[in-house]
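Asker: For reference, this is my_file13.txt, and it has compact mmCIF, C-alpha atoms (C1' of nucleotides).
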```txt
# COMPACT_ATOMS: atom_id res chain seq x y z
CA MET A 27 88.21 62.34 105.65
CA SER A 28 89.19 63.45 102.19
CA PRO A 29 92.73 63.19 100.88
CA ARG A 30 94.98 66.09 101.75
CA PRO A 31 97.25 66.49 98.71
CA LYS A 32 100.49 68.37 98.73
CA ILE A 33 100.53 72.07 99.26
CA ALA A 34 103.30 73.07 96.92
CA LEU A 35 102.65 76.74 97.35
CA ASN A 36 100.80 78.36 100.16
CA MET A 37 99.37 81.82 100.04
CA ASN A 38 102.14 83.28 102.17
CA GLU A 39 104.84 82.31 99.69
CA ILE A 40 102.77 83.85 96.93
CA LEU A 41 102.28 87.08 98.83
CA LEU A 42 105.97 87.16 99.64
CA ALA A 43 106.85 86.85 95.96
CA ALA A 44 104.26 89.48 95.01
CA THR A 45 105.69 91.80 97.66
CA ASP A 46 109.18 91.33 96.25
CA ILE A 47 108.04 92.32 92.80
CA ALA A 48 106.04 95.28 94.09
CA ASP A 49 108.88 96.62 96.22
CA GLU A 50 111.50 96.24 93.52
CA ALA A 51 109.61 97.16 90.37
CA GLY A 52 106.45 98.89 91.52
CA LEU A 53 102.96 97.59 92.25
CA HIS A 54 101.94 97.92 88.61
CA GLU A 55 104.53 95.30 87.75
CA VAL A 56 102.75 92.72 89.86
CA THR A 57 100.96 90.79 87.11
CA LEU A 58 100.00 87.14 86.85
CA ALA A 59 102.77 86.84 84.29
CA THR A 60 105.59 88.26 86.45
CA LEU A 61 104.32 86.54 89.57
CA ALA A 62 104.10 83.15 87.85
CA LYS A 63 107.59 83.57 86.45
CA LYS A 64 108.99 84.35 89.91
CA LEU A 65 107.24 81.25 91.30
CA SER A 66 108.37 79.08 88.39
CA ILE A 67 104.85 78.09 87.41
CA ARG A 68 102.51 79.01 84.56
CA PRO A 69 100.05 81.89 84.97
CA PRO A 70 96.86 79.77 84.88
CA SER A 71 98.14 77.71 87.81
CA LEU A 72 97.78 80.75 90.03
CA TYR A 73 94.01 80.42 89.82
CA ASN A 74 94.32 77.40 92.09
CA HIS A 75 95.36 79.78 94.87
CA PHE A 76 93.37 82.95 94.30
CA ASP A 77 90.63 84.19 92.06
CA GLY A 78 92.31 86.49 89.56
CA LEU A 79 94.21 89.74 89.71
CA PRO A 80 91.58 91.83 91.56
CA HIS A 81 91.42 89.19 94.29
CA LEU A 82 95.22 89.19 94.55
CA ARG A 83 95.15 92.96 94.93
CA LYS A 84 92.71 92.65 97.80
CA LEU A 85 94.85 89.99 99.47
CA MET A 86 97.94 92.17 99.04
CA ALA A 87 96.09 95.12 100.59
CA ILE A 88 95.20 93.11 103.69
CA TYR A 89 98.67 91.59 103.86
CA GLY A 90 100.23 95.03 103.63
CA ILE A 91 97.98 96.54 106.26
CA GLU A 92 98.70 93.68 108.65
CA ASN A 93 102.45 93.98 108.11
CA LEU A 94 102.24 97.72 108.66
CA TYR A 95 100.30 97.15 111.86
CA ALA A 96 102.94 94.72 113.09
CA ALA A 97 105.71 97.21 112.34
CA LEU A 98 103.84 99.92 114.25
CA ALA A 99 102.95 97.76 117.23
CA ASP A 100 106.56 96.64 117.50
CA CYS A 101 108.36 99.94 117.84
CA MET A 102 106.41 101.30 120.78
CA GLY A 103 106.21 101.34 124.52
CA SER A 104 108.00 104.37 125.83
CA GLU A 105 106.71 106.33 128.78
CA SER A 106 105.46 109.57 127.26
CA GLY A 107 102.61 109.89 124.78
CA ASP A 108 104.48 112.38 122.67
CA GLN A 109 107.40 110.04 122.27
CA ASP A 110 105.16 107.09 121.43
CA ILE A 111 103.53 109.05 118.65
CA MET A 112 106.90 110.11 117.33
CA GLU A 113 108.09 106.51 117.32
CA LEU A 114 104.93 105.38 115.63
CA SER A 115 105.34 108.05 112.99
CA LYS A 116 108.92 107.13 112.26
CA ALA A 117 108.01 103.44 112.07
CA TYR A 118 105.19 104.24 109.64
CA VAL A 119 107.40 106.21 107.28
CA LEU A 120 110.20 103.66 107.59
CA PHE A 121 107.82 100.89 106.58
CA ALA A 122 106.76 102.83 103.50
CA ARG A 123 110.40 103.39 102.61
CA LYS A 124 111.38 99.76 103.01
CA HIS A 125 108.28 98.40 101.31
CA PRO A 126 107.19 101.02 98.77
CA GLY A 127 105.26 98.54 96.66
CA LEU A 128 103.55 96.78 99.54
CA TYR A 129 102.70 100.11 101.11
CA GLU A 130 101.16 101.21 97.83
CA ALA A 131 99.11 98.01 97.80
CA THR A 132 97.76 99.00 101.21
CA LEU A 133 95.47 101.54 99.57
CA ALA A 134 95.02 99.93 96.17
CA ALA A 135 92.33 97.38 96.96
CA PRO A 136 89.80 97.06 94.14
CA ASP A 137 87.02 97.83 96.64
CA PRO A 138 88.29 99.93 99.55
CA ALA A 139 84.94 99.50 101.30
CA ASP A 140 85.42 95.72 101.45
CA HIS A 141 84.71 94.40 104.92
CA GLU A 142 87.93 92.46 105.43
CA VAL A 143 90.03 95.38 104.23
CA GLN A 144 88.22 97.77 106.55
CA LEU A 145 88.69 95.35 109.43
CA ALA A 146 92.43 95.18 108.93
CA GLY A 147 92.61 98.96 108.80
CA LYS A 148 90.58 99.29 111.97
CA LYS A 149 93.39 97.74 113.99
CA ILE A 150 95.72 100.54 112.97
CA VAL A 151 93.14 103.16 113.82
CA ASP A 152 92.64 101.55 117.24
CA LEU A 153 96.37 101.49 117.81
CA ALA A 154 96.61 105.17 117.00
CA LEU A 155 93.67 105.90 119.26
CA SER A 156 95.32 104.11 122.17
CA VAL A 157 98.50 106.11 121.67
CA LEU A 158 96.51 109.32 121.74
CA GLN A 159 94.85 108.43 125.04
CA SER A 160 97.39 110.33 127.09
CA TYR A 161 96.05 113.57 125.62
CA SER A 162 92.67 113.00 127.29
CA LEU A 163 90.73 114.39 124.37
CA SER A 164 87.01 113.87 123.94
CA GLU A 165 86.08 110.79 121.96
CA GLU A 166 85.17 112.91 118.97
CA ALA A 167 88.32 114.99 119.14
CA SER A 168 90.38 111.81 119.34
CA LEU A 169 88.86 110.56 116.11
CA HIS A 170 89.60 113.83 114.35
CA ALA A 171 93.14 113.70 115.69
CA VAL A 172 93.67 110.18 114.39
CA ARG A 173 92.46 111.26 110.98
CA GLY A 174 94.97 114.07 111.09
CA LEU A 175 97.81 111.82 112.11
CA ARG A 176 97.01 109.31 109.38
CA SER A 177 96.70 112.09 106.82
CA ILE A 178 100.12 113.40 107.72
CA LEU A 179 101.76 109.98 107.69
CA HIS A 180 100.16 108.78 104.50
CA GLY A 181 100.63 112.05 102.69
CA PHE A 182 104.23 112.33 103.81
CA SER A 183 105.03 108.78 102.76
CA THR A 184 103.42 109.10 99.36
CA LEU A 185 104.93 112.48 98.57
CA GLU A 186 108.36 111.28 99.63
CA GLN A 187 108.13 108.31 97.29
CA ASN A 188 106.94 110.43 94.39
CA ARG A 189 109.61 113.08 94.69
CA GLY A 190 106.85 115.43 95.73
CA PHE A 191 109.35 117.08 98.01
CA GLY A 192 112.36 118.60 96.34
CA LEU A 193 115.82 117.42 97.23
CA ALA A 194 116.52 120.56 99.17
CA LEU A 195 115.82 119.47 102.71
CA ASN A 196 116.31 116.49 104.95
CA THR A 197 113.02 114.65 105.08
CA ASP A 198 113.58 113.08 108.50
CA LYS A 199 113.80 116.51 110.04
CA SER A 200 110.65 117.55 108.19
CA LEU A 201 108.73 114.63 109.63
CA GLU A 202 109.90 115.35 113.14
CA LEU A 203 108.95 119.02 112.94
CA ILE A 204 105.59 118.29 111.34
CA ILE A 205 104.62 115.78 114.00
CA LYS A 206 105.79 118.09 116.76
CA ALA A 207 103.75 120.95 115.35
CA PHE A 208 100.66 118.80 115.01
CA LEU A 209 100.98 117.45 118.54
CA ALA A 210 101.39 120.94 119.93
CA GLY A 211 98.23 121.98 118.14
CA ILE A 212 96.24 118.93 119.16
CA LYS A 213 96.27 119.82 122.80
CA GLU A 214 93.93 122.72 122.15
CA MET A 215 91.61 120.58 120.06
CA ASN A 216 89.02 119.80 122.71
CA THR A 217 85.72 121.63 122.53
CA MET B 18 105.11 128.39 54.78
CA SER B 19 104.03 124.78 55.04
CA PRO B 20 100.41 123.70 54.74
CA ARG B 21 98.40 123.86 57.95
CA PRO B 22 95.93 120.96 57.71
CA LYS B 23 92.89 120.61 59.88
CA ILE B 24 93.20 120.14 63.56
CA ALA B 25 90.31 117.84 64.24
CA LEU B 26 91.35 117.19 67.82
CA ASN B 27 93.61 119.32 69.90
CA MET B 28 95.32 118.16 73.03
CA ASN B 29 92.92 119.99 75.30
CA GLU B 30 89.92 118.09 74.02
CA ILE B 31 91.82 114.86 74.51
CA LEU B 32 92.78 115.75 78.07
CA LEU B 33 89.20 116.79 78.76
CA ALA B 34 87.94 113.42 77.57
CA ALA B 35 90.63 111.58 79.54
CA THR B 36 89.68 113.58 82.63
CA ASP B 37 86.03 112.63 82.19
CA ILE B 38 86.90 108.95 82.07
CA ALA B 39 89.25 109.22 85.03
CA ASP B 40 86.76 111.10 87.20
CA GLU B 41 83.87 108.81 86.38
CA ALA B 42 85.51 105.39 86.23
CA GLY B 43 88.91 105.78 87.84
CA LEU B 44 92.32 106.57 86.42
CA HIS B 45 93.00 102.93 85.64
CA GLU B 46 90.11 103.02 83.18
CA VAL B 47 91.88 105.62 81.09
CA THR B 48 93.22 103.41 78.31
CA LEU B 49 93.86 104.07 74.65
CA ALA B 50 90.81 101.92 73.97
CA THR B 51 88.34 103.81 76.21
CA LEU B 52 89.79 107.18 75.27
CA ALA B 53 89.54 106.45 71.53
CA LYS B 54 85.97 105.26 71.94
CA LYS B 55 84.98 108.45 73.77
CA LEU B 56 86.60 110.52 71.00
CA SER B 57 85.01 108.39 68.27
CA ILE B 58 88.29 107.47 66.68
CA ARG B 59 90.41 104.32 66.54
CA PRO B 60 93.14 103.75 69.13
CA PRO B 61 96.12 104.01 66.73
CA SER B 62 94.96 107.49 65.67
CA LEU B 63 95.81 108.76 69.14
CA TYR B 64 99.49 108.37 68.35
CA ASN B 65 99.15 111.42 66.10
CA HIS B 66 98.61 113.48 69.25
CA PHE B 67 100.79 111.91 71.92
CA ASP B 68 103.38 109.22 72.20
CA GLY B 69 101.69 106.31 73.89
CA LEU B 70 100.08 105.68 77.26
CA PRO B 71 103.03 106.67 79.46
CA HIS B 72 103.25 110.00 77.66
CA LEU B 73 99.52 110.54 78.14
CA ARG B 74 99.94 109.85 81.85
CA LYS B 75 102.63 112.51 82.05
CA LEU B 76 100.45 115.01 80.19
CA MET B 77 97.55 114.22 82.50
CA ALA B 78 99.77 114.73 85.53
CA ILE B 79 100.81 118.19 84.37
CA TYR B 80 97.27 119.05 83.32
CA GLY B 81 95.96 117.98 86.72
CA ILE B 82 98.61 119.91 88.64
CA GLU B 83 97.90 123.05 86.63
CA ASN B 84 94.17 122.74 87.18
CA LEU B 85 94.74 122.20 90.87
CA TYR B 86 96.95 125.28 90.99
CA ALA B 87 94.26 127.32 89.27
CA ALA B 88 91.66 126.14 91.77
CA LEU B 89 93.93 127.06 94.68
CA ALA B 90 94.96 130.44 93.32
CA ASP B 91 91.32 131.29 92.70
CA CYS B 92 89.84 130.86 96.16
CA MET B 93 92.19 133.13 98.06
CA GLY B 94 92.80 136.68 99.06
CA SER B 95 91.42 137.23 102.51
CA GLU B 96 93.16 139.41 105.05
CA SER B 97 94.52 136.92 107.59
CA GLY B 98 97.12 134.27 106.92
CA ASP B 99 95.23 131.69 108.92
CA GLN B 100 92.11 132.20 106.90
CA ASP B 101 93.99 132.03 103.61
CA ILE B 102 95.47 128.69 104.55
CA MET B 103 92.07 127.41 105.57
CA GLU B 104 90.60 128.50 102.26
CA LEU B 105 93.46 126.94 100.36
CA SER B 106 93.01 123.70 102.26
CA LYS B 107 89.30 123.54 101.55
CA ALA B 108 89.86 124.32 97.89
CA TYR B 109 92.46 121.55 97.69
CA VAL B 110 90.19 118.92 99.18
CA LEU B 111 87.24 120.14 97.13
CA PHE B 112 89.27 119.76 93.95
CA ALA B 113 90.16 116.18 94.85
CA ARG B 114 86.49 115.47 95.55
CA LYS B 115 85.27 116.94 92.28
CA HIS B 116 88.05 115.43 90.20
CA PRO B 117 89.09 112.20 91.90
CA GLY B 118 90.57 110.72 88.75
CA LEU B 119 92.42 113.84 87.65
CA TYR B 120 93.69 114.35 91.17
CA GLU B 121 94.98 110.80 91.19
CA ALA B 122 96.74 111.49 87.88
CA THR B 123 98.51 114.37 89.60
CA LEU B 124 100.83 111.93 91.34
CA ALA B 125 100.79 109.08 88.83
CA ALA B 126 103.32 110.35 86.30
CA PRO B 127 105.50 107.54 84.96
CA ASP B 128 108.58 109.49 86.06
CA PRO B 129 107.79 111.77 89.01
CA ALA B 130 111.26 113.33 88.71
CA ASP B 131 110.48 114.56 85.19
CA HIS B 132 111.44 118.19 84.79
CA GLU B 133 108.14 119.48 83.42
CA VAL B 134 106.18 117.67 86.12
CA GLN B 135 108.42 119.10 88.83
CA LEU B 136 108.06 122.56 87.33
CA ALA B 137 104.27 122.40 87.46
CA GLY B 138 104.41 121.25 91.06
CA LYS B 139 106.78 124.02 92.01
CA LYS B 140 104.09 126.60 91.37
CA ILE B 141 101.89 125.03 94.03
CA VAL B 142 104.76 124.91 96.50
CA ASP B 143 105.49 128.58 95.83
CA LEU B 144 101.85 129.46 96.33
CA ALA B 145 101.83 127.66 99.66
CA LEU B 146 105.06 129.39 100.66
CA SER B 147 103.57 132.79 99.90
CA VAL B 148 100.54 132.01 102.03
CA LEU B 149 102.79 131.02 104.91
CA GLN B 150 104.72 134.30 104.76
CA SER B 151 102.58 135.91 107.42
CA TYR B 152 104.02 133.50 109.97
CA SER B 153 107.49 134.98 109.50
CA LEU B 154 109.22 131.63 109.84
CA SER B 155 112.80 131.08 108.84
CA GLU B 156 113.27 129.97 105.25
CA GLU B 157 114.01 126.43 106.36
CA ALA B 158 111.08 126.27 108.73
CA SER B 159 108.81 127.52 105.97
CA LEU B 160 109.86 124.66 103.72
CA HIS B 161 109.20 122.12 106.45
CA ALA B 162 105.82 123.71 107.08
CA VAL B 163 104.88 123.51 103.42
CA ARG B 164 105.81 119.85 103.40
CA GLY B 165 103.55 119.37 106.38
CA LEU B 166 100.66 121.19 104.80
CA ARG B 167 100.97 119.23 101.59
CA SER B 168 101.23 115.97 103.51
CA ILE B 169 98.05 116.75 105.38
CA LEU B 170 96.13 117.81 102.29
CA HIS B 171 97.28 114.97 100.09
CA GLY B 172 96.88 112.35 102.79
CA PHE B 173 93.48 113.63 103.74
CA SER B 174 92.28 113.69 100.15
CA THR B 175 93.53 110.22 99.37
CA LEU B 176 92.23 108.64 102.53
CA GLU B 177 88.85 110.26 102.06
CA GLN B 178 88.59 108.84 98.55
CA ASN B 179 89.63 105.37 99.66
CA ARG B 180 87.22 105.13 102.56
CA GLY B 181 90.27 105.25 104.80
CA PHE B 182 88.16 107.17 107.27
CA GLY B 183 85.12 105.37 108.57
CA LEU B 184 81.70 106.86 108.05
CA ALA B 185 81.45 107.89 111.65
CA LEU B 186 82.43 111.52 111.50
CA ASN B 187 81.95 114.53 109.31
CA THR B 188 85.08 114.91 107.24
CA ASP B 189 84.77 118.67 106.72
CA LYS B 190 85.00 119.20 110.44
CA SER B 191 88.00 116.89 110.61
CA LEU B 192 89.82 118.94 107.99
CA GLU B 193 89.09 122.17 109.77
CA LEU B 194 90.31 120.88 113.12
CA ILE B 195 93.40 119.28 111.63
CA ILE B 196 94.45 122.45 109.84
CA LYS B 197 93.78 124.54 112.92
CA ALA B 198 95.88 122.22 115.05
CA PHE B 199 98.74 122.25 112.58
CA LEU B 200 98.68 126.03 112.28
CA ALA B 201 98.71 126.42 116.02
CA GLY B 202 101.73 124.15 116.20
CA ILE B 203 103.55 125.82 113.34
CA LYS B 204 104.00 129.06 115.19
CA GLU B 205 106.47 127.44 117.55
CA MET B 206 108.35 125.86 114.69
CA ASN B 207 111.18 128.39 114.47
CA THR B 208 114.48 127.45 116.03
C1' DT C 23 101.29 47.97 99.35
C1' DC C 24 97.98 49.71 96.12
C1' DC C 25 94.18 52.42 94.77
C1' DC C 26 91.33 56.38 95.17
C1' DT C 27 90.69 61.23 95.33
C1' DA C 28 91.29 65.96 95.08
C1' DA C 29 94.55 69.61 94.84
C1' DA C 30 97.49 71.75 91.77
C1' DA C 31 100.09 71.69 87.97
C1' DC C 32 99.76 71.78 82.82
C1' DT C 33 98.41 72.97 77.49
C1' DA C 34 95.41 75.23 74.34
C1' DA C 35 92.54 78.84 73.11
C1' DT C 36 90.04 83.43 73.39
C1' DG C 37 89.50 88.34 73.85
C1' DT C 38 91.48 92.80 75.10
C1' DC C 39 95.01 95.94 75.13
C1' DG C 40 99.15 98.81 73.55
C1' DT C 41 101.87 99.46 69.83
C1' DT C 42 103.96 99.53 65.00
C1' DA C 43 103.80 99.65 59.99
C1' DG C 44 101.86 101.03 56.07
C1' DT C 45 97.88 103.21 53.61
C1' DT C 46 94.19 106.44 52.73
C1' DT C 47 91.61 110.46 53.64
C1' DT C 48 91.23 115.41 54.25
C1' DA C 49 91.87 120.25 54.63
C1' DT C 50 94.74 124.05 53.80
C1' DT C 51 98.14 126.57 51.14
C1' DT C 52 100.12 127.60 46.77
C1' DA D 29 93.21 122.61 40.69
C1' DA D 30 97.48 120.48 42.50
C1' DA D 31 100.62 119.70 46.20
C1' DT D 32 101.46 118.74 50.94
C1' DA D 33 101.32 117.25 55.52
C1' DA D 34 98.47 116.26 59.40
C1' DA D 35 95.47 112.89 60.98
C1' DA D 36 92.51 109.47 60.17
C1' DC D 37 92.34 104.45 58.85
C1' DT D 38 93.25 98.89 58.44
C1' DA D 39 96.12 95.01 59.47
C1' DA D 40 99.12 92.65 62.33
C1' DC D 41 102.01 91.39 66.55
C1' DG D 42 103.12 90.47 71.21
C1' DA D 43 101.81 90.64 76.11
C1' DC D 44 98.37 90.01 79.18
C1' DA D 45 94.21 87.98 81.99
C1' DT D 46 91.20 84.54 81.86
C1' DT D 47 88.58 80.05 80.80
C1' DA D 48 88.16 75.19 79.63
C1' DG D 49 89.76 70.92 79.70
C1' DT D 50 93.61 67.60 80.76
C1' DT D 51 97.35 65.52 83.26
C1' DT D 52 100.27 65.06 87.14
C1' DT D 53 100.96 64.33 91.99
C1' DA D 54 100.78 63.20 96.76
C1' DG D 55 98.41 61.83 100.86
C1' DG D 56 94.58 58.70 103.22
C1' DG D 57 92.10 54.46 103.49
C1' DA D 58 91.58 49.69 101.94
```
How does the structure come out when it is put into structure tokens?

Answerer:
Amino acid sequence: MSPRPKIALNMNEILLAATDIADEAGLHEVTLATLAKKLSIRPPSLYNHFDGLPHLRKLMAIYGIENLYAALADCMGSESGDQDIMELSKAYVLFARKHPGLYEATLAAPDPADHEVQLAGKKIVDLALSVLQSYSLSEEASLHAVRGLRSILHGFSTLEQNRGFGLALNTDKSLELIIKAFLAGIKEMNT
Amino acid sequence: MSPRPKIALNMNEILLAATDIADEAGLHEVTLATLAKKLSIRPPSLYNHFDGLPHLRKLMAIYGIENLYAALADCMGSESGDQDIMELSKAYVLFARKHPGLYEATLAAPDPADHEVQLAGKKIVDLALSVLQSYSLSEEASLHAVRGLRSILHGFSTLEQNRGFGLALNTDKSLELIIKAFLAGIKEMNT
DNA sequence: TCCCTAAAACTAATGTCGTTAGTTTTATTT
DNA sequence: AAATAAAACTAACGACATTAGTTTTAGGGA
């Protein structure tokens, strides 16, 4: 058909570079200027690959959500439901620790209601729902429980990154106790 | 002593204007340009009141934390510990709903480890600790519990603002069930 | 092999923003 | 009324995102 010219950069390389910048210097340091410099091209050239900074932010959000999903889906598969949820929780927080900038991007899409962004997020919700199955909650209670689990994990991750917790206590132990407490409480959630 | 010239603008008016912009258009829309326009002055004049955008962000963070504290301290004083925590939780989420931009500023200080910012946050932690007293947990367990409560409330607030929850379910009910579950679990937290 | 084509790089230019320097206005105190 | 200092201003600079228009480049078809 039509000529297929070289693909010097593909979107994955760009997102990888953007992730590097975000994780090392913060999401706010991901600009067309810094990204172009890291890719050894000039800022306007980036418009051949995506449609401006807001579009890049959306792509980073989806990329981050998908990477988070992969990290969560990986570290699972024990026998008990409790243990699966604990593993999932630790994997979630570990991802945020290893990729602070990319994790931040996860919730920094210019339009959070965007369909593609919502779709990527839905996979994580479904994963969490499947892990909660062993509790045999009602469908409604399960949804509330997933909201609670996500609130804990997102809040914990964000606060940990922002020194919201003092230095006094081990944060790993906090996470473990918090999840245990929530799971204990969940079992009486049905109504 | 020395002359005391007019104070056309004081810091409170500036923070009020900045809060308006943040709540109506998002924290990222709080720029020296938009703020100056709302105050009917030119951007450079703002440097007579604070030391650039990063400094403003820090001042907004402290201002937001103090306002949040006031909102929490207000809506309390029932008899039972459970009910106090529920009231505190609802007040927290309500504040984030009414002041999305200011709430965002709460955790957007340029240096989260800054002493003044930490000091403002400490008051909220202490308030939460005092509410948890009725559970007679060990000191360490109390600190973990406060971390859990803050994680839930911050995560819930952020996710709600970012359409992290679908539209399927009433969010007020979610909050109530989540807090109840966590409180039920907390009571077995001592070791 | 050579040309055609389209992707992807480039330069140049514009407007906005934060920030600095230097100047003028203004209100209060003496 | 004069002196003073806070707080406004204008002018200018550099960094940034973005647009327009141009050149380079590499693969597909003749």

Asker: Would you mind listing what lies within 12 Å of Gly52 (chain A) as an MDAnalysis selection string, with all atoms listed in the file counted and same-chain residues fewer than 5 positions away left out?

Answerer: (chainID A and resid 44:47 57 60 125:131 187:188) or (chainID B and resid 125 127)

Asker: Determine the axis-aligned bounding box of all atoms of region 154-165 of chain B present in the file, pad each side by 5 Å, and express its centre and edge lengths in Å to one decimal place as lines of an AutoDock Vina configuration file.

Answerer:
```
center_x = 108.8
center_y = 125.5
center_z = 106.6
size_x = 20.5
size_y = 22.3
size_z = 16.4
```

Asker: Residues of chain B within 8 Å of chain A, using all atoms listed in the file, as a PyMOL selection string?

Answerer: chain B and resi 124+129-130+135+138+160-162+164-165+167-173+176+179-182+186+191-192+194-195+197-203+205-206

Asker: Would you mind reading off the distance between CA of Leu42 (chain A) and CA of Ala146 (chain A), one decimal, in Å?

Answerer: 18.3 Å

Asker: Would you mind listing, as a PyMOL selection string, all residues of chain D that have at least one atom within 9 Å of chain A, where all atoms listed in the file are what counts?

Answerer: chain D and resi 44-46+53-56

Asker: Specify as a PDB file with C-alpha atoms (C1' of nucleotides), keeping the file's coordinate frame all residues of chain C found within 7 Å of chain A, counting all atoms listed in the file.

Answerer:
```pdb
ATOM      1  C1'  DT C  27      90.690  61.230  95.330  1.00  0.00           C
ATOM      2  C1'  DA C  28      91.290  65.960  95.080  1.00  0.00           C
ATOM      3  C1'  DA C  29      94.550  69.610  94.840  1.00  0.00           C
ATOM      4  C1'  DA C  30      97.490  71.750  91.770  1.00  0.00           C
ATOM      5  C1'  DA C  31     100.090  71.690  87.970  1.00  0.00           C
TER       6       DA C  31
END
```

Asker: Any idea what the distance is between CA of Ala99 (chain A) and CA of Ala87 (chain A)?

Answerer: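 Between CA of Ala99 (chain A) and CA of Ala87 (chain A) the gap works out to 18.2 Å.
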
Asker: Would you pick out the contacts of DA40 (chain D) at 12 Å or less, using all atoms listed in the file, so that residues sharing its chain but fewer than 4 positions from it are not included, and give the list as a PyMOL selection string?

Answerer: chain C and resi 41-44

Asker: Distance CA of Phe121 (chain A)-CA of Leu41 (chain A), one decimal place?

Answerer: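 These two atoms are separated by 16.8 Å.
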
Asker: Name the residues in contact with Gly107 (chain A) at a cut-off of 12 Å, using all atoms listed in the file, excluding same-chain residues fewer than 4 positions from it; report them as number ranges by chain.

Answerer: A: 102-103, 111-114, 154-162, 206, 209, 213

Asker: Got a sec to check which residues sit within 12 Å of (102.1, 88.8, 107.5), counting only C-alpha atoms (C1' of nucleotides), and write them as a ChimeraX atom specification?

Answerer: /A:37-42,45,85-97,128,146

Asker: Mind dumping the selected residues with C-alpha atoms as an mmCIF file, in the coordinates of the input?

Answerer:
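So the final result, stored in result-v1.cif, reads:
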```
data_model
loop_
_atom_site.group_PDB
_atom_site.id
_atom_site.type_symbol
_atom_site.label_atom_id
_atom_site.label_comp_id
_atom_site.auth_asym_id
_atom_site.auth_seq_id
_atom_site.Cartn_x
_atom_site.Cartn_y
_atom_site.Cartn_z
ATOM 1 C CA MET A 37 99.370 81.820 100.040
ATOM 2 C CA ASN A 38 102.140 83.280 102.170
ATOM 3 C CA GLU A 39 104.840 82.310 99.690
ATOM 4 C CA ILE A 40 102.770 83.850 96.930
ATOM 5 C CA LEU A 41 102.280 87.080 98.830
ATOM 6 C CA LEU A 42 105.970 87.160 99.640
ATOM 7 C CA THR A 45 105.690 91.800 97.660
ATOM 8 C CA LEU A 85 94.850 89.990 99.470
ATOM 9 C CA MET A 86 97.940 92.170 99.040
ATOM 10 C CA ALA A 87 96.090 95.120 100.590
ATOM 11 C CA ILE A 88 95.200 93.110 103.690
ATOM 12 C CA TYR A 89 98.670 91.590 103.860
ATOM 13 C CA GLY A 90 100.230 95.030 103.630
ATOM 14 C CA ILE A 91 97.980 96.540 106.260
ATOM 15 C CA GLU A 92 98.700 93.680 108.650
ATOM 16 C CA ASN A 93 102.450 93.980 108.110
ATOM 17 C CA LEU A 94 102.240 97.720 108.660
ATOM 18 C CA TYR A 95 100.300 97.150 111.860
ATOM 19 C CA ALA A 96 102.940 94.720 113.090
ATOM 20 C CA ALA A 97 105.710 97.210 112.340
ATOM 21 C CA LEU A 128 103.550 96.780 99.540
ATOM 22 C CA ALA A 146 92.430 95.180 108.930
#
```

Asker: If I only want region 32-39 of chain D, can you write it with N, CA, C and O atoms (P, O5', C5', C4', C3', O3' and C1' of nucleotides), as a compact mmCIF listing (two decimals), in the first residue's frame?

Answerer:
```txt
# COMPACT_ATOMS: atom_id res chain seq x y z
P DT D 32 13.84 59.94 55.90
O5' DT D 32 12.92 58.65 55.93
C5' DT D 32 12.09 58.40 57.07
C4' DT D 32 11.13 57.27 56.78
C3' DT D 32 11.74 56.14 55.91
O3' DT D 32 11.38 54.90 56.46
C1' DT D 32 9.71 56.86 54.98
P DA D 33 12.44 53.70 56.51
O5' DA D 33 11.52 52.45 56.22
C5' DA D 33 10.28 52.33 56.90
C4' DA D 33 9.20 51.81 55.95
C3' DA D 33 9.64 50.64 55.06
O3' DA D 33 8.59 49.70 55.02
C1' DA D 33 8.71 52.32 53.74
P DA D 34 8.93 48.15 54.86
O5' DA D 34 7.48 47.57 54.52
C5' DA D 34 6.35 48.13 55.17
C4' DA D 34 5.24 48.40 54.16
C3' DA D 34 4.98 47.23 53.21
O3' DA D 34 3.57 47.02 53.18
C1' DA D 34 5.32 49.22 51.97
P DA D 35 2.96 45.70 52.50
O5' DA D 35 2.57 46.21 51.04
C5' DA D 35 1.71 47.33 50.90
C4' DA D 35 1.63 47.73 49.45
C3' DA D 35 1.57 46.55 48.47
O3' DA D 35 0.63 46.83 47.47
C1' DA D 35 3.27 48.02 47.83
P DA D 36 -0.11 45.65 46.69
O5' DA D 36 -0.01 46.08 45.14
C5' DA D 36 -0.87 47.06 44.62
C4' DA D 36 -0.12 48.12 43.85
C3' DA D 36 0.34 47.75 42.44
O3' DA D 36 -0.72 47.85 41.52
C1' DA D 36 1.97 49.08 43.55
P DC D 37 -0.63 47.04 40.12
O5' DC D 37 0.52 47.83 39.33
C5' DC D 37 0.27 49.18 38.94
C4' DC D 37 1.54 49.82 38.40
C3' DC D 37 2.10 49.15 37.16
O3' DC D 37 1.56 49.77 36.01
C1' DC D 37 3.85 49.65 38.75
P DT D 38 1.65 48.95 34.61
O5' DT D 38 3.11 49.30 34.04
C5' DT D 38 3.58 50.64 34.01
C4' DT D 38 5.01 50.68 33.48
C3' DT D 38 5.23 49.93 32.17
O3' DT D 38 6.15 50.65 31.36
C1' DT D 38 6.61 49.00 33.85
P DA D 39 6.39 50.10 29.84
O5' DA D 39 7.78 49.32 29.98
C5' DA D 39 8.81 49.86 30.79
C4' DA D 39 10.05 48.98 30.73
C3' DA D 39 10.18 48.15 29.44
O3' DA D 39 11.55 48.10 29.06
C1' DA D 39 10.14 46.70 31.30
```
